[in-house]
$ cat model_37.cif   # mmCIF, C-alpha atoms
data_target
#
loop_
_atom_site.label_atom_id
_atom_site.label_comp_id
_atom_site.auth_asym_id
_atom_site.auth_seq_id
_atom_site.Cartn_x
_atom_site.Cartn_y
_atom_site.Cartn_z
CA MET I 1 16.33 -19.71 -3.87
CA MET I 2 16.94 -16.12 -4.90
CA ARG I 3 20.41 -15.40 -6.26
CA LYS I 4 21.80 -11.87 -6.39
CA LEU I 5 23.76 -10.75 -9.42
CA ASP I 6 27.45 -10.50 -8.80
CA ILE I 7 28.54 -6.88 -9.00
CA LYS I 8 31.23 -7.87 -11.48
CA ASP I 9 28.57 -9.25 -13.82
CA VAL I 10 26.68 -6.00 -14.00
CA ASN I 11 27.75 -3.49 -16.57
CA ARG I 12 28.71 -0.10 -15.16
CA ARG I 13 26.26 1.59 -17.49
CA ARG I 14 23.44 -0.48 -16.05
CA PHE I 15 24.17 0.80 -12.56
CA LEU I 16 24.12 4.34 -13.86
CA GLN I 17 20.55 3.90 -15.05
CA TYR I 18 19.47 3.23 -11.47
CA GLY I 19 20.70 6.74 -10.67
CA PHE I 20 19.54 7.63 -7.21
CA MET I 21 19.19 4.05 -5.96
CA GLY I 22 21.99 4.24 -3.40
CA LEU I 23 23.75 0.89 -2.92
CA GLY I 24 24.09 1.41 0.82
CA ALA I 25 20.33 1.74 1.15
CA PHE I 26 19.76 -1.37 -0.92
CA PHE I 27 22.18 -3.83 0.64
CA GLY I 28 21.50 -2.74 4.22
CA ASN I 29 18.45 -0.67 4.88
CA ILE I 30 20.17 2.26 6.54
CA LEU I 31 16.98 4.27 6.14
CA LEU I 32 15.48 2.45 9.15
CA PRO I 33 16.38 3.82 12.58
CA SER I 34 18.85 1.74 14.58
CA THR I 35 16.15 0.73 17.07
CA ALA I 36 14.07 -0.56 14.21
CA ARG I 37 16.98 -2.48 12.73
CA ALA I 38 17.55 -4.18 16.07
CA ALA I 39 13.90 -5.14 16.40
CA ALA I 40 13.23 -6.05 12.78
CA SER I 41 13.50 -9.81 12.86
CA SER I 42 10.06 -11.34 13.35
CA LEU I 43 8.89 -11.73 9.77
CA LEU I 44 12.33 -12.59 8.43
CA SER I 45 12.72 -15.34 11.04
CA LEU I 46 9.54 -17.24 10.16
CA GLY I 47 10.04 -20.80 8.94
CA ASN I 48 9.83 -22.12 5.40
CA LEU I 49 6.45 -22.30 3.74
CA GLY I 50 4.64 -25.61 4.01
CA PRO I 51 2.29 -27.30 1.53
CA PRO I 52 -1.06 -25.64 0.70
CA ASP I 53 -3.68 -25.87 3.43
CA ALA I 54 -7.40 -26.46 2.86
CA ASN I 55 -7.72 -22.85 1.63
CA GLY I 56 -4.86 -23.19 -0.84
CA ILE I 57 -2.41 -21.12 1.20
CA CYS I 58 1.18 -22.11 1.94
CA LEU I 59 2.15 -20.90 5.42
CA PRO I 60 5.08 -21.13 7.83
CA PRO I 61 4.86 -23.59 10.75
CA GLY I 62 2.40 -22.55 13.45
CA PHE I 63 0.15 -20.48 11.19
CA THR I 64 -3.43 -21.15 10.09
CA SER I 65 -5.80 -19.53 7.60
CA ARG I 66 -9.51 -19.03 7.30
CA ILE I 67 -11.80 -17.32 4.81
CA VAL I 68 -13.73 -14.57 6.61
CA ALA I 69 -15.77 -13.41 3.60
CA TYR I 70 -16.22 -14.03 -0.11
CA SER I 71 -17.88 -11.96 -2.82
CA GLY I 72 -21.66 -12.29 -2.73
CA GLN I 73 -21.73 -13.89 0.72
CA LYS I 74 -24.56 -12.52 2.86
CA LEU I 75 -23.16 -11.33 6.18
CA PHE I 76 -25.59 -9.65 8.56
CA GLY I 77 -27.62 -8.36 5.63
CA TYR I 78 -24.62 -7.12 3.64
CA ALA I 79 -23.47 -8.98 0.54
CA TRP I 80 -19.67 -8.94 0.72
CA HIS I 81 -18.56 -6.81 -2.18
CA ASP I 82 -16.98 -7.82 -5.46
CA ALA I 83 -13.28 -7.34 -6.25
CA PRO I 84 -12.02 -6.69 -2.69
CA ASP I 85 -8.93 -4.52 -2.93
CA GLY I 86 -7.15 -2.12 -0.55
CA GLY I 87 -7.87 -2.44 3.15
CA ALA I 88 -6.96 -1.45 6.70
CA VAL I 89 -7.71 -2.40 10.30
CA PHE I 90 -9.10 -0.02 12.94
CA ARG I 91 -9.11 -0.68 16.69
CA ILE I 92 -12.45 -0.13 18.46
CA ALA I 93 -13.23 0.66 22.09
CA ASP I 94 -14.64 -2.75 23.06
CA GLY I 95 -11.35 -4.47 22.27
CA GLY I 96 -12.43 -5.62 18.83
CA TRP I 97 -11.53 -4.20 15.44
CA ILE I 98 -12.89 -3.32 11.99
CA TYR I 99 -11.39 -4.38 8.68
CA VAL I 100 -12.36 -2.08 5.80
CA SER I 101 -12.03 -3.26 2.20
CA ASN I 102 -12.37 -1.41 -1.10
CA SER I 103 -14.38 -2.71 -4.07
CA GLU I 104 -12.57 -2.19 -7.38
CA ILE I 105 -15.64 -2.23 -9.64
CA ASP I 106 -16.20 0.28 -12.46
CA HIS I 107 -19.19 2.37 -13.50
CA GLY I 108 -20.53 3.25 -10.07
CA GLY I 109 -20.30 -0.29 -8.75
CA GLY I 110 -17.41 0.36 -6.39
CA GLY I 111 -17.24 1.44 -2.78
CA VAL I 112 -16.02 0.17 0.59
CA GLY I 113 -17.29 -2.62 2.84
CA ALA I 114 -16.41 -3.36 6.44
CA LEU I 115 -16.18 -6.40 8.73
CA ARG I 116 -16.48 -5.88 12.47
CA PHE I 117 -14.77 -8.35 14.83
CA ASN I 118 -15.26 -8.83 18.56
CA PRO I 119 -12.25 -9.24 20.90
CA LEU I 120 -12.27 -13.00 20.21
CA GLY I 121 -11.84 -12.41 16.48
CA GLU I 122 -15.38 -13.41 15.56
CA VAL I 123 -17.17 -11.53 12.77
CA ILE I 124 -20.15 -9.82 14.39
CA ASP I 125 -21.21 -7.35 11.69
CA ALA I 126 -20.72 -6.40 8.04
CA TYR I 127 -21.86 -3.25 6.24
CA SER I 128 -21.09 -0.67 3.56
CA ILE I 129 -19.31 2.60 4.36
CA LEU I 130 -19.18 3.90 0.75
CA ASN I 131 -21.03 2.96 -2.43
CA GLN I 132 -21.71 4.04 -6.01
CA THR I 133 -18.13 5.09 -6.67
CA ASP I 134 -15.67 3.95 -9.34
CA ARG I 135 -12.89 1.43 -9.11
CA ASN I 136 -11.90 1.91 -5.48
CA CYS I 137 -8.40 0.51 -5.56
CA SER I 138 -6.27 1.16 -2.51
CA GLY I 139 -6.16 4.07 -0.07
CA GLY I 140 -4.78 4.87 3.33
CA LYS I 141 -5.56 4.79 7.03
CA THR I 142 -5.44 8.07 8.95
CA PRO I 143 -4.46 8.53 12.62
CA TRP I 144 -7.78 10.32 13.19
CA TRP I 145 -9.65 7.04 12.59
CA THR I 146 -10.81 7.37 8.98
CA TRP I 147 -10.15 5.48 5.77
CA LEU I 148 -9.17 7.38 2.62
CA SER I 149 -10.47 5.34 -0.30
CA CYS I 150 -8.97 6.04 -3.72
CA GLU I 151 -10.64 5.85 -7.12
CA GLU I 152 -8.29 4.47 -9.76
CA VAL I 153 -9.85 6.20 -12.77
CA ASP I 154 -9.07 9.34 -14.74
CA ARG I 155 -9.85 12.30 -12.48
CA GLY I 156 -10.54 9.87 -9.66
CA MET I 157 -11.57 11.12 -6.23
CA VAL I 158 -10.36 10.39 -2.70
CA TRP I 159 -13.24 9.61 -0.33
CA GLU I 160 -12.86 9.94 3.43
CA CYS I 161 -14.83 7.15 5.11
CA ASP I 162 -15.92 6.44 8.67
CA PRO I 163 -15.03 2.78 9.45
CA SER I 164 -18.08 2.50 11.70
CA GLY I 165 -20.37 3.63 8.89
CA LYS I 166 -22.11 6.13 11.17
CA ARG I 167 -20.98 9.20 9.20
CA ALA I 168 -21.41 9.57 5.45
CA ALA I 169 -18.26 9.40 3.34
CA GLN I 170 -16.93 12.76 2.16
CA PRO I 171 -15.19 13.60 -1.16
CA ARG I 172 -11.79 15.24 -0.70
CA SER I 173 -11.05 16.91 -4.02
CA ALA I 174 -8.21 19.01 -2.54
CA LEU I 175 -6.18 15.78 -2.62
CA GLY I 176 -6.33 15.99 -6.41
CA LEU I 177 -8.31 14.36 -9.19
CA PHE I 178 -6.17 11.73 -10.89
CA ARG I 179 -5.78 7.95 -11.12
CA HIS I 180 -5.26 7.46 -7.40
CA GLU I 181 -3.67 4.32 -6.00
CA ALA I 182 -2.68 4.64 -2.34
CA ILE I 183 -2.12 7.13 0.47
CA ALA I 184 0.17 7.38 3.50
CA VAL I 185 -0.06 9.92 6.32
CA ASP I 186 3.02 11.42 7.95
CA PHE I 187 1.62 11.53 11.47
CA ALA I 188 4.23 13.91 12.84
CA ARG I 189 3.93 16.58 10.15
CA LYS I 190 0.25 16.04 9.26
CA GLN I 191 1.15 15.67 5.59
CA ILE I 192 -0.29 13.16 3.14
CA TYR I 193 1.62 11.32 0.39
CA LEU I 194 -0.15 9.88 -2.64
CA THR I 195 0.80 7.51 -5.48
CA GLU I 196 -0.58 7.54 -9.01
CA ASP I 197 -1.14 4.38 -11.05
CA GLU I 198 0.06 5.54 -14.45
CA PRO I 199 3.15 4.50 -16.44
CA ASP I 200 4.24 8.12 -16.03
CA GLY I 201 2.60 8.61 -12.64
CA ARG I 202 3.84 11.03 -10.02
CA LEU I 203 4.44 11.12 -6.29
CA TYR I 204 2.33 13.77 -4.58
CA ARG I 205 2.26 15.48 -1.18
CA TYR I 206 -0.63 17.34 0.41
CA THR I 207 -0.25 19.93 3.18
CA ALA I 208 -3.36 21.34 4.85
CA ASP I 209 -3.79 25.07 5.32
CA THR I 210 -5.02 24.56 8.89
CA ILE I 211 -4.97 21.97 11.67
CA ASP I 212 -8.04 21.64 13.91
CA ALA I 213 -8.17 21.55 17.71
CA LYS I 214 -7.71 17.78 17.70
CA GLY I 215 -4.55 18.08 15.61
CA ASN I 216 -6.16 16.83 12.40
CA PRO I 217 -5.45 18.46 9.03
CA ASP I 218 -8.14 20.10 6.91
CA LEU I 219 -8.55 17.90 3.83
CA ASP I 220 -10.63 20.45 1.96
CA HIS I 221 -8.21 23.37 1.97
CA GLY I 222 -4.54 22.87 1.38
CA VAL I 223 -1.70 22.62 -1.12
CA LEU I 224 -1.06 19.65 -3.40
CA GLU I 225 2.53 19.29 -4.57
CA VAL I 226 4.36 16.98 -6.97
CA ALA I 227 7.89 15.63 -6.55
CA GLU I 228 10.91 16.40 -8.69
CA VAL I 229 14.05 14.34 -8.12
CA MET I 230 16.62 17.06 -8.73
CA ASP I 231 19.82 15.06 -8.26
CA LYS I 232 19.91 11.37 -9.15
CA SER I 233 23.18 10.81 -7.32
CA THR I 234 21.82 12.04 -4.00
CA GLY I 235 18.10 11.51 -4.57
CA ALA I 236 17.39 15.10 -3.52
CA VAL I 237 13.71 15.95 -3.95
CA HIS I 238 12.06 19.30 -4.55
CA TRP I 239 8.30 19.78 -4.28
CA HIS I 240 6.32 21.91 -6.75
CA VAL I 241 2.80 23.20 -6.27
CA VAL I 242 0.28 21.57 -8.62
CA PRO I 243 -1.47 24.57 -10.21
CA ASP I 244 -4.84 22.85 -10.72
CA PRO I 245 -5.45 19.81 -8.46
CA LEU I 246 -8.90 19.40 -10.04
CA ALA I 247 -7.24 18.74 -13.41
CA THR I 248 -9.80 20.91 -15.18
CA LEU I 249 -7.89 20.99 -18.47
CA VAL I 250 -4.56 19.23 -17.92
CA PRO I 251 -3.88 16.04 -15.90
CA THR I 252 -2.09 16.76 -12.64
CA ARG I 253 0.95 14.70 -13.64
CA LYS I 254 1.50 16.91 -16.70
CA GLN I 255 1.11 20.31 -15.06
CA VAL I 256 4.68 20.61 -13.77
CA SER I 257 7.07 19.76 -16.59
CA VAL I 258 10.10 19.15 -14.35
CA SER I 259 8.30 16.70 -12.05
CA THR I 260 9.64 13.14 -11.98
CA SER I 261 7.67 10.21 -13.33
CA PHE I 262 7.38 6.93 -11.43
CA ASN I 263 6.41 3.84 -13.39
CA GLY I 264 3.06 2.69 -12.04
CA GLY I 265 2.78 3.93 -8.46
CA GLU I 266 1.23 1.33 -6.14
CA GLY I 267 1.36 0.81 -2.36
CA ILE I 268 2.66 3.42 0.06
CA TRP I 269 3.44 3.24 3.78
CA TYR I 270 4.81 5.70 6.36
CA ARG I 271 7.03 4.62 9.26
CA TRP I 272 9.55 6.48 11.44
CA GLY I 273 10.09 9.41 9.11
CA ILE I 274 10.28 7.30 5.94
CA VAL I 275 7.63 7.06 3.21
CA TYR I 276 7.94 3.70 1.42
CA PHE I 277 6.24 3.19 -1.93
CA SER I 278 6.28 0.68 -4.77
CA THR I 279 6.22 0.99 -8.56
CA LYS I 280 4.90 -1.99 -10.47
CA GLY I 281 6.21 -0.96 -13.90
CA ASP I 282 9.82 -1.54 -12.88
CA ASN I 283 9.34 -3.77 -9.80
CA ARG I 284 10.95 -1.36 -7.36
CA VAL I 285 10.39 -0.30 -3.77
CA TRP I 286 11.43 3.22 -2.82
CA ALA I 287 12.08 5.07 0.44
CA TYR I 288 11.62 8.82 0.81
CA ASP I 289 13.23 10.41 3.87
CA VAL I 290 10.92 13.26 4.90
CA LEU I 291 13.62 15.13 6.87
CA LYS I 292 16.41 14.82 4.34
CA GLN I 293 13.91 15.18 1.47
CA SER I 294 15.67 12.51 -0.53
CA VAL I 295 14.57 9.27 -2.14
CA ARG I 296 16.33 5.92 -2.62
CA ILE I 297 15.49 2.58 -4.19
CA ILE I 298 15.62 -0.13 -1.51
CA TYR I 299 14.51 -3.05 -3.67
CA ASP I 300 14.88 -3.63 -7.40
CA ALA I 301 13.84 -7.01 -8.83
CA SER I 302 16.07 -6.51 -11.89
CA LEU I 303 19.15 -6.95 -9.67
CA TYR I 304 18.28 -10.60 -9.04
CA LEU I 305 18.59 -13.57 -11.37
CA GLU I 306 15.68 -15.26 -9.60
CA PRO I 307 13.81 -12.58 -7.64
CA ILE I 308 11.53 -13.71 -4.84
CA LEU I 309 9.48 -10.51 -5.01
CA THR I 310 7.88 -9.43 -8.29
CA GLY I 311 4.64 -7.68 -9.16
CA VAL I 312 5.17 -5.29 -6.25
CA ASP I 313 1.89 -3.81 -5.05
CA SER I 314 0.30 -2.99 -1.67
CA ILE I 315 2.52 -2.27 1.34
CA THR I 316 1.88 -2.57 5.04
CA GLY I 317 4.21 -2.89 8.02
CA ASN I 318 4.50 -4.54 11.42
CA ALA I 319 5.44 -3.09 14.80
CA ALA I 320 9.12 -3.90 14.23
CA GLY I 321 9.25 -1.68 11.16
CA GLU I 322 9.45 -4.48 8.61
CA LEU I 323 7.57 -4.06 5.34
CA LEU I 324 5.09 -6.59 4.02
CA ILE I 325 4.54 -6.33 0.27
CA ALA I 326 1.75 -7.98 -1.71
CA GLU I 327 2.27 -9.35 -5.19
CA ASP I 328 0.03 -8.56 -8.13
CA GLY I 329 0.66 -11.77 -10.04
CA GLY I 330 4.23 -12.86 -9.42
CA ASN I 331 4.00 -16.00 -7.30
CA MET I 332 0.92 -14.70 -5.44
CA GLN I 333 2.96 -14.13 -2.32
CA LEU I 334 3.10 -11.78 0.62
CA VAL I 335 6.79 -10.96 1.03
CA ALA I 336 8.62 -9.43 3.99
CA LEU I 337 11.27 -6.81 3.19
CA ALA I 338 13.74 -5.57 5.80
CA GLU I 339 17.47 -4.93 6.04
CA GLY I 340 17.78 -5.43 2.29
CA LYS I 341 16.46 -8.99 2.66
CA VAL I 342 13.25 -10.52 1.35
CA ARG I 343 11.33 -13.55 2.55
CA PRO I 344 7.91 -14.90 1.54
CA ILE I 345 5.60 -15.36 4.51
CA LEU I 346 2.74 -16.94 2.54
CA ARG I 347 1.77 -17.99 -0.95
CA ILE I 348 -1.63 -18.68 -2.55
CA VAL I 349 -1.71 -21.51 -5.06
CA ASP I 350 -3.90 -21.98 -8.15
CA GLN I 351 -4.88 -18.32 -8.37
CA ASP I 352 -2.43 -17.10 -10.98
CA SER I 353 -4.92 -14.68 -12.56
CA SER I 354 -5.49 -12.87 -9.27
CA GLU I 355 -3.56 -10.48 -7.04
CA ILE I 356 -3.14 -10.15 -3.29
CA THR I 357 -4.73 -6.98 -1.93
CA GLY I 358 -5.36 -5.07 1.28
CA PRO I 359 -2.87 -6.60 3.76
CA ALA I 360 -3.37 -5.28 7.30
CA PHE I 361 -2.57 -6.53 10.81
CA SER I 362 -5.01 -6.69 13.71
CA PRO I 363 -4.30 -4.18 16.50
CA ASP I 364 -2.26 -6.69 18.52
CA GLY I 365 -0.37 -7.89 15.44
CA SER I 366 -1.44 -11.53 15.83
CA ARG I 367 -3.77 -11.67 12.83
CA LEU I 368 -3.24 -10.64 9.23
CA TYR I 369 -6.08 -9.79 6.84
CA PHE I 370 -5.93 -9.59 3.05
CA SER I 371 -7.91 -10.50 -0.04
CA SER I 372 -7.42 -12.29 -3.33
CA ILE I 373 -9.24 -9.99 -5.71
CA ARG I 374 -10.15 -12.76 -8.17
CA GLY I 375 -9.67 -15.69 -5.86
CA LYS I 376 -12.87 -17.64 -6.27
CA THR I 377 -13.23 -18.37 -9.98
CA GLY I 378 -10.73 -16.06 -11.62
CA LEU I 379 -13.44 -13.59 -12.56
CA LEU I 380 -13.09 -9.95 -11.59
CA GLU I 381 -16.05 -9.98 -9.24
CA ASP I 382 -15.22 -13.13 -7.28
CA GLY I 383 -12.93 -12.25 -4.40
CA LEU I 384 -11.90 -13.99 -1.19
CA THR I 385 -10.97 -12.27 2.05
CA TYR I 386 -8.67 -14.16 4.43
CA GLU I 387 -7.39 -14.07 7.99
CA ILE I 388 -4.02 -15.57 8.93
CA THR I 389 -3.37 -16.31 12.61
CA GLY I 390 -0.05 -17.26 14.13
CA PRO I 391 3.14 -16.13 15.87
CA PHE I 392 3.90 -13.07 13.78
#
$ encode --input "model_37.cif" --output "structure tokens"
Amino acid sequence: MMRKLDIKDVNRRRFLQYGFMGLGAFFGNILLPSTARAAASSLLSLGNLGPPDANGICLPPGFTSRIVAYSGQKLFGYAWHDAPDGGAVFRIADGGWIYVSNSEIDHGGGGVGALRFNPLGEVIDAYSILNQTDRNCSGGKTPWWTWLSCEEVDRGMVWECDPSGKRAAQPRSALGLFRHEAIAVDFARKQIYLTEDEPDGRLYRYTADTIDAKGNPDLDHGVLEVAEVMDKSTGAVHWHVVPDPLATLVPTRKQVSVSTSFNGGEGIWYRWGIVYFSTKGDNRVWAYDVLKQSVRIIYDASLYLEPILTGVDSITGNAAGELLIAEDGGNMQLVALAEGKVRPILRIVDQDSSEITGPAFSPDGSRLYFSSIRGKTGLLEDGLTYEITGPF
């Protein structure tokens, strides 16, 4: 059981180092709209985890797992890729869906693969939508039905991919060349937020110069900005233009001296005017309010004697507005976070050298997809991709 530190046991100086955390935001997630707070109960109300099933996954009552693909498996002529990482689900017109999955392999061995499901949840196709890229880590789903796949290397690129594989992937250098991790799209304002996986990484925002007739932003011409937290007591954020997004001479994170560093940017997720993101170096989850332009810490593992959630990594969300956070290491869990509370909804056993990647729900919310990047033998290239079905 997780035990929270008593406030009296925490030195006042220690609280000061958290600066712009905001205790109200931490102990009761006031950043979620009231309608969301009323609805956010499904993941937190799931039962206790049972013993490992045949696939080595501990699940709540009523849930089942299956392996839908593993590295090297031949599926409809496509060998499921090595090191499956970030992923997302896309609804298709026939009532089925597509799950896209990055491949975090170096030296031109990376890319993105896809699984197509029919309305019954059966895999009916598998194929590549991007190849010969480097260390495709996470990324982000866009509302205009594309996948933005991020290269986690120095001067890494963002690639815009068609989930169907019918259109060739396009490089989007206007989103900056740096060690990309993940992306979230603010649907209402057509802005894109990006995390950077460096110990002194930054939080970025991209605003397109123009919006097309369909309401989609131009990803080739726009402004890339970097965040500065100006006031730690209020979390007020100011955005500065990055002078050279292509990082011709100086890395993007070092071009604006007053910008704020975030320790190992990981997953990022947009919901109801809030951009949530995680930082693995300090095991924190943050919330940026796009209207107030302020940021708060909503989870900090260091505040717990026995934290349930550590190794914070990828983030997704359900229809109720709850967050689902994957662990890189930790206890190999997927953990729900809402209302300042955390609860594991599954755990993988005997895969301590791996990490959970690419969590994403099916369009109706009844199925959850994710991978264990080194799930098969503990080697980098041997990954397992799962589906969890049950009363989410």
$ residues_around --input "model_37.cif" --residues "I:Asp282" --least-positions-apart "3" --cutoff "12 Å" --atoms "only C-alpha atoms" --output "PDB file with C-alpha atoms, in the coordinates of the input"
ATOM      1  CA  TYR I  18      19.470   3.230 -11.470  1.00  0.00           C
ATOM      2  CA  PRO I 199       3.150   4.500 -16.440  1.00  0.00           C
ATOM      3  CA  ASP I 200       4.240   8.120 -16.030  1.00  0.00           C
ATOM      4  CA  SER I 261       7.670  10.210 -13.330  1.00  0.00           C
ATOM      5  CA  PHE I 262       7.380   6.930 -11.430  1.00  0.00           C
ATOM      6  CA  ASN I 263       6.410   3.840 -13.390  1.00  0.00           C
ATOM      7  CA  GLY I 264       3.060   2.690 -12.040  1.00  0.00           C
ATOM      8  CA  GLY I 265       2.780   3.930  -8.460  1.00  0.00           C
ATOM      9  CA  GLU I 266       1.230   1.330  -6.140  1.00  0.00           C
ATOM     10  CA  SER I 278       6.280   0.680  -4.770  1.00  0.00           C
ATOM     11  CA  THR I 279       6.220   0.990  -8.560  1.00  0.00           C
ATOM     12  CA  VAL I 285      10.390  -0.300  -3.770  1.00  0.00           C
ATOM     13  CA  TRP I 286      11.430   3.220  -2.820  1.00  0.00           C
ATOM     14  CA  ILE I 297      15.490   2.580  -4.190  1.00  0.00           C
ATOM     15  CA  TYR I 299      14.510  -3.050  -3.670  1.00  0.00           C
ATOM     16  CA  ASP I 300      14.880  -3.630  -7.400  1.00  0.00           C
ATOM     17  CA  ALA I 301      13.840  -7.010  -8.830  1.00  0.00           C
ATOM     18  CA  SER I 302      16.070  -6.510 -11.890  1.00  0.00           C
ATOM     19  CA  LEU I 303      19.150  -6.950  -9.670  1.00  0.00           C
ATOM     20  CA  LEU I 309       9.480 -10.510  -5.010  1.00  0.00           C
ATOM     21  CA  THR I 310       7.880  -9.430  -8.290  1.00  0.00           C
ATOM     22  CA  GLY I 311       4.640  -7.680  -9.160  1.00  0.00           C
ATOM     23  CA  VAL I 312       5.170  -5.290  -6.250  1.00  0.00           C
ATOM     24  CA  ASP I 313       1.890  -3.810  -5.050  1.00  0.00           C
TER      25      ASP I 313
END
$ closest_atom_pairs --input "model_37.cif" --of "stretch 60-157 of chain I" --to "stretch 326-349 of chain I" --cutoff "12 Å" --atoms "all atoms listed in the file" --output "CSV"
residue,atom,partner,partner_atom,distance
I:Pro60,CA,I:Ile345,CA,6.7
I:Pro61,CA,I:Ile345,CA,10.4
I:Gly62,CA,I:Ile345,CA,11.9
I:Phe63,CA,I:Leu346,CA,9.7
I:Thr64,CA,I:Leu346,CA,10.6
I:Ser65,CA,I:Leu346,CA,10.3
I:Asp85,CA,I:Asp328,CA,11.1
I:Gly86,CA,I:Ala326,CA,10.7
$ write_last_selection --input "model_37.cif" --atoms "C-alpha atoms" --output "CSV table (one decimal), in the frame of the given file"
chain,number,residue,atom,x,y,z
I,60,PRO,CA,5.1,-21.1,7.8
I,61,PRO,CA,4.9,-23.6,10.8
I,62,GLY,CA,2.4,-22.6,13.4
I,63,PHE,CA,0.2,-20.5,11.2
I,64,THR,CA,-3.4,-21.2,10.1
I,65,SER,CA,-5.8,-19.5,7.6
I,85,ASP,CA,-8.9,-4.5,-2.9
I,86,GLY,CA,-7.2,-2.1,-0.6
$ residues_around --input "model_37.cif" --residues "I:Ala360" --least-positions-apart "4" --cutoff "9 Å" --atoms "only C-alpha atoms" --output "PDB file with C-alpha atoms, in the frame of the given file"
ATOM      1  CA  GLY I  87      -7.870  -2.440   3.150  1.00  0.00           C
ATOM      2  CA  ALA I  88      -6.960  -1.450   6.700  1.00  0.00           C
ATOM      3  CA  VAL I  89      -7.710  -2.400  10.300  1.00  0.00           C
ATOM      4  CA  TYR I  99     -11.390  -4.380   8.680  1.00  0.00           C
ATOM      5  CA  ILE I 315       2.520  -2.270   1.340  1.00  0.00           C
ATOM      6  CA  THR I 316       1.880  -2.570   5.040  1.00  0.00           C
ATOM      7  CA  GLY I 317       4.210  -2.890   8.020  1.00  0.00           C
ATOM      8  CA  ASN I 318       4.500  -4.540  11.420  1.00  0.00           C
ATOM      9  CA  ARG I 367      -3.770 -11.670  12.830  1.00  0.00           C
ATOM     10  CA  LEU I 368      -3.240 -10.640   9.230  1.00  0.00           C
ATOM     11  CA  TYR I 369      -6.080  -9.790   6.840  1.00  0.00           C
ATOM     12  CA  PHE I 370      -5.930  -9.590   3.050  1.00  0.00           C
TER      13      PHE I 370
END
$ atom_distance --input "model_37.cif" --atom1 "atom CA of I:Trp144" --atom2 "atom CA of I:Asn216"
6.8 Å
$ closest_residue --input "model_37.cif" --among "I:Tyr304, I:Trp159, I:Trp97, I:Phe76" --to "I:Gly110" --atoms "only C-alpha atoms"
I:Trp159
$ axis_aligned_box --input "model_37.cif" --around "stretch 66-78 of chain I" --padding-each-side "3 Å" --output "AutoDock Vina command-line options"
--center_x -18.6 --center_y -13.1 --center_z 2.9 --size_x 24.1 --size_y 17.9 --size_z 17.4
$ closest_residue --input "model_37.cif" --among "I:Leu75, I:Val112, I:Ile308, I:Ala168" --to "I:Asp125" --atoms "only C-alpha atoms"
I:Leu75
$ closest_residue --input "model_37.cif" --among "I:Tyr193, I:Trp239, I:Phe361, I:Tyr270" --to "I:Glu181" --atoms "only C-alpha atoms"
I:Tyr193
$ atom_distance --input "model_37.cif" --atom1 "atom CA of I:Lys214" --atom2 "atom CA of I:Thr142"
13.3 Å
$ residues_around --input "model_37.cif" --residues "stretch 131-140 of chain I" --least-positions-apart "5" --cutoff "10 Å" --atoms "all atoms listed in the file" --output "PyMOL selection string"
chain I and resi 83-88+101-113+146-153+156-160+169+179-185+192-195+197+266-269+313-314+357-358
$ build_atoms --input "model_37.cif" --residues "stretch 180-190 of chain I" --atoms "N, CA and C atoms" --output "compact mmCIF listing (two decimals), in the coordinates of the input"
# COMPACT_ATOMS: atom_id res chain seq x y z
N HIS I 180 -5.82 7.72 -8.73
CA HIS I 180 -5.26 7.46 -7.40
C HIS I 180 -5.00 5.97 -7.17
N GLU I 181 -3.95 5.69 -6.43
CA GLU I 181 -3.67 4.32 -6.00
C GLU I 181 -3.73 4.22 -4.48
N ALA I 182 -2.77 4.83 -3.80
CA ALA I 182 -2.68 4.64 -2.34
C ALA I 182 -2.23 5.93 -1.67
N ILE I 183 -2.39 5.93 -0.33
CA ILE I 183 -2.12 7.13 0.47
C ILE I 183 -1.40 6.72 1.75
N ALA I 184 -0.47 7.56 2.20
CA ALA I 184 0.17 7.38 3.50
C ALA I 184 0.19 8.72 4.21
N VAL I 185 -0.03 8.70 5.52
CA VAL I 185 -0.06 9.92 6.32
C VAL I 185 1.20 10.00 7.18
N ASP I 186 1.91 11.11 7.05
CA ASP I 186 3.02 11.42 7.95
C ASP I 186 2.40 11.99 9.21
N PHE I 187 2.32 11.15 10.25
CA PHE I 187 1.62 11.53 11.47
C PHE I 187 2.23 12.77 12.13
N ALA I 188 3.55 12.84 12.12
CA ALA I 188 4.23 13.91 12.84
C ALA I 188 4.00 15.27 12.19
N ARG I 189 4.01 15.31 10.87
CA ARG I 189 3.93 16.58 10.15
C ARG I 189 2.56 16.83 9.55
N LYS I 190 1.62 15.90 9.75
CA LYS I 190 0.25 16.04 9.26
C LYS I 190 0.22 16.26 7.75
